[in-house]
Each structure stands twice: as structure tokens, then as C-alpha cells.
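Enquirer: First the structure, which I've put down as C-alpha cells, then a few questions once you've had a look.
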Amino acid sequence: MKIVKNPLLGTWEMAESEGAIPAKSGGSVPCNPRLVLIVDDEEQNRKLHQTVINSAFPSVRCELASDGAQAVALFTTLHPLVIMMDIVMPNLDGEEAFYQIEEFCQTNNWQPPRVVFCTGHSPSVGLRNVVASDPSNCLLQKPIRRRILITALSKRLNLRPLA
């Protein structure tokens with residue numbers, strides 16, 4: 001697993017599997033390539049991430065969810081390519097929402113989303129394994145620097161950001 005460290009603090013800020021994001025093949029229903037679902041229980045974080053994404057990727061639309069249950073519901077109707085998912089949330093946490101979305105995709109032959117997990121806590125072993133086993137997903141440490149967020153999304157959206 002590739003770990004990016006914050007040069008000033010020396011702490012990790014991004015973790016991802018090495019390698020290119022695999023092309024999804026077969027007869028699966030494709031994701032909406034210009035849609036990002038931002039999931040966070042803190043409204044300030046949702047709006048901040050939306051502002052950063054809209055300024056760096058003007059062709060991308062953002063939808064917002066305040067918990068994992070809302071994220072699952074929105075995913076099943078909107079089918080975004082990327083989900084930016086907070087891990088620790090009330091009602092349904094981000095990890096469980098991810099597993100429900102993954103199961104939905106398998107059951108319905110949908111292309112799974114690329115997930116940018118976000119946390120201010122230590123991620124579970126299961127979540128670290130999800131990120132280590134698939135370069136489609138990554139893990140960001142909160143607070144998230146703008147450059148790191150744009151780098152993670154650029155790779156998953158397969159788009160070049162505006163400066």
C-alpha cells in the first residue's frame with residue numbers, strides 16, 4: 001500500500017493501493033462518470049468538499065448525504081462514479097454503507113463506485129484491506145488538505161483538475 005505523508009506533520013494523509021484503477025468490464029450498468037456523492041454527518045465538511053470539487057472539476061456535479069443510510073439510498077438512484085465517504089457517522093457508518101452498496105452492485109450487476117474514505121480516526125483492519133486490495137478506493141486522513149483531495153479525486157474521476 002502506498003502511504004502519502006504530510007511533510008509538515010509527518011503523519012499519514014492518504015493511503016491507496018498501488019497500480020492503475022482497473023477498467024470495469026462486462027455487462028454491468030455503468031456509473032455516472034460526472035457525479036460525486038459526498039457523505040459526511042458534518043454539514044460544514046460536505047459544503048467545503050463540494051466547493052473544492054466544483055472549483056477543481058467544473059464538469060462534475062456533487063450530491064450530498066448526511067449519513068450512510070442516505071448514501072445507500074442516493075447511490076441506488078443516482079449511481080455516482082465516486083463516493084467521498086466519511087467513516088464515523090451516526091445511524092449507519094461509512095464502512096457498513098460501503099458494504100451495502102457493494103452488495104447492491106453485485107446483486108444488480110452495477111459497476112461499483114470508486115470510494116474515497118475519509119476519517120479522523122484509525123480505520124478498521126477490514127477497511128484497510130478494502131483499500132489495499134483495490135486501487136479504485138483510497139483513504140484520506142481528516143483534516144484533508146485541498147491538494148490531497150484533488151489528487152485522490154482526479155485519479156478516481158480520470159479527470160485533470162483546473163489549476
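Labeling convention for the C-alpha cells: chains A, B, ... as they appear, residues from 1 per chain, ligands from 1 in order of appearance.
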Please provide as a PyMOL selection string all residues within 9 Å of A:Leu64, with the sequence filter that same-chain residues fewer than 2 positions apart are discarded (counting only C-alpha atoms).
Expert: chain A and resi 36-40+46-47+50+62+66+70-71+74
Enquirer: Find, counting only C-alpha atoms, the residue in A:Asn45, A:Ser122, A:Thr11, A:Asn32 that gets nearest to A:Leu78.
Expert: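 Ranking A:Asn45, A:Ser122, A:Thr11, A:Asn32 by distance to A:Leu78, first place goes to A:Asn32.
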Enquirer: Please determine, counting only C-alpha atoms, which residue among A:Gln111, A:Asp86, A:Gly126, A:Thr119 has the shortest atom-to-atom distance to A:Pro22.
Expert: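 The shortest atom-to-atom distance to A:Pro22 comes from A:Gln111.
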Enquirer: When DSSP works through the backbone of this structure, what residues of stretch 42-84 of chain A end up as alpha helix (DSSP H), shown as a list of chain:residue names?
Expert: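 Across stretch 42-84 of chain A, those assigned alpha helix (DSSP H) are A:Glu43, A:Gln44, A:Asn45, A:Arg46, A:Lys47, A:Leu48, A:His49, A:Gln50, A:Thr51, A:Val52, A:Ile53, A:Asn54, A:Ser55, A:Ala56, A:Gly68, A:Ala69, A:Gln70, A:Ala71, A:Val72, A:Ala73, A:Leu74, A:Phe75, A:Thr76, A:Thr77, A:Leu78.
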Enquirer: For each of A:Ile148, A:Val88, A:Phe104, A:Ser59, take the minimum atom-to-atom distance to A:Val72, counting only C-alpha atoms, then give the residue where this is smallest.
Expert: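 Residue with the minimum atom-to-atom distance to A:Val72: A:Phe104.
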Enquirer: Just checking: using only C-alpha atoms, which residue out of A:Ala56, A:Cys118, A:Ala132, A:Leu159 ends up closest to A:Glu16?
Expert: A:Ala132
Enquirer: Please compute the atom CA of A:Trp110-atom CA of A:Pro33 distance, one decimal, in Å.
Expert: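 These two atoms are separated by 13.3 Å.
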Enquirer: Select, from A:Pro58, A:Gly94, A:Pro135, A:Pro30, the residue with the minimum atom-to-atom distance to A:Asn109, counting only C-alpha atoms.
Expert: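 Comparing A:Pro58, A:Gly94, A:Pro135, A:Pro30 against A:Asn109, the winner is A:Pro30.
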Enquirer: Find the distance between atom CA of A:Gln141 and atom CA of A:Trp12 and write it in Å to one decimal.
Expert: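 For atom CA of A:Gln141 relative to atom CA of A:Trp12, the distance reads 7.0 Å.
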Enquirer: Between atom CA of A:Ser136 and atom CA of A:Arg156, measure the distance and give it in Å to one decimal.
Expert: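 Interatomic distance here is 6.5 Å.
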Enquirer: From the set A:Ala15, A:Ala69, A:Val60, A:Ile144, which residue has the shortest atom-to-atom contact distance to A:Asp93, counting only C-alpha atoms?
Expert: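 When distances to A:Asp93 are compared using only C-alpha atoms, the smallest one comes from A:Ala69.
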Enquirer: Please list as a list of chain:residue names every residue within 8 Å of stretch 149-151 of chain A, counting only C-alpha atoms and excluding residues in the same chain fewer than 4 positions away.
Expert: A:Val52, A:Ile53, A:Ala56, A:Leu140, A:Ile144, A:Arg145, A:Lys155, A:Pro161
Enquirer: Mind writing the picked residues with N, CA, C and O atoms as a PDB file, in the first residue's frame?
Expert:
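Below you can see part_4.pdb, which holds the result:
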ATOM      1  N   VAL A  52     -14.581  22.643  -3.048  1.00  0.00           N
ATOM      2  CA  VAL A  52     -13.276  22.248  -3.618  1.00  0.00           C
ATOM      3  C   VAL A  52     -13.485  21.469  -4.912  1.00  0.00           C
ATOM      4  O   VAL A  52     -12.832  21.740  -5.928  1.00  0.00           O
ATOM      5  N   ILE A  53     -14.395  20.513  -4.897  1.00  0.00           N
ATOM      6  CA  ILE A  53     -14.642  19.683  -6.080  1.00  0.00           C
ATOM      7  C   ILE A  53     -15.183  20.532  -7.232  1.00  0.00           C
ATOM      8  O   ILE A  53     -14.718  20.421  -8.366  1.00  0.00           O
ATOM      9  N   ALA A  56     -12.344  22.633  -8.756  1.00  0.00           N
ATOM     10  CA  ALA A  56     -11.303  21.876  -9.461  1.00  0.00           C
ATOM     11  C   ALA A  56     -11.845  21.110 -10.665  1.00  0.00           C
ATOM     12  O   ALA A  56     -11.133  20.898 -11.645  1.00  0.00           O
ATOM     13  N   LEU A 140      -8.374   8.843   3.140  1.00  0.00           N
ATOM     14  CA  LEU A 140      -7.821  10.152   3.446  1.00  0.00           C
ATOM     15  C   LEU A 140      -7.989  10.454   4.929  1.00  0.00           C
ATOM     16  O   LEU A 140      -9.041  10.170   5.497  1.00  0.00           O
ATOM     17  N   ILE A 144      -8.482  17.166   5.688  1.00  0.00           N
ATOM     18  CA  ILE A 144      -7.968  16.845   4.358  1.00  0.00           C
ATOM     19  C   ILE A 144      -7.482  18.118   3.674  1.00  0.00           C
ATOM     20  O   ILE A 144      -8.239  19.071   3.518  1.00  0.00           O
ATOM     21  N   ARG A 145      -6.228  18.085   3.279  1.00  0.00           N
ATOM     22  CA  ARG A 145      -5.696  19.227   2.527  1.00  0.00           C
ATOM     23  C   ARG A 145      -6.289  19.225   1.114  1.00  0.00           C
ATOM     24  O   ARG A 145      -6.514  18.176   0.521  1.00  0.00           O
ATOM     25  N   LYS A 155      -7.629  11.093  -9.837  1.00  0.00           N
ATOM     26  CA  LYS A 155      -7.331   9.717 -10.225  1.00  0.00           C
ATOM     27  C   LYS A 155      -8.614   8.897 -10.378  1.00  0.00           C
ATOM     28  O   LYS A 155      -8.756   8.132 -11.317  1.00  0.00           O
ATOM     29  N   PRO A 161      -7.636  18.243 -13.026  1.00  0.00           N
ATOM     30  CA  PRO A 161      -8.267  19.384 -12.356  1.00  0.00           C
ATOM     31  C   PRO A 161      -7.849  20.703 -12.990  1.00  0.00           C
ATOM     32  O   PRO A 161      -6.798  20.795 -13.629  1.00  0.00           O
TER      33      PRO A 161
END
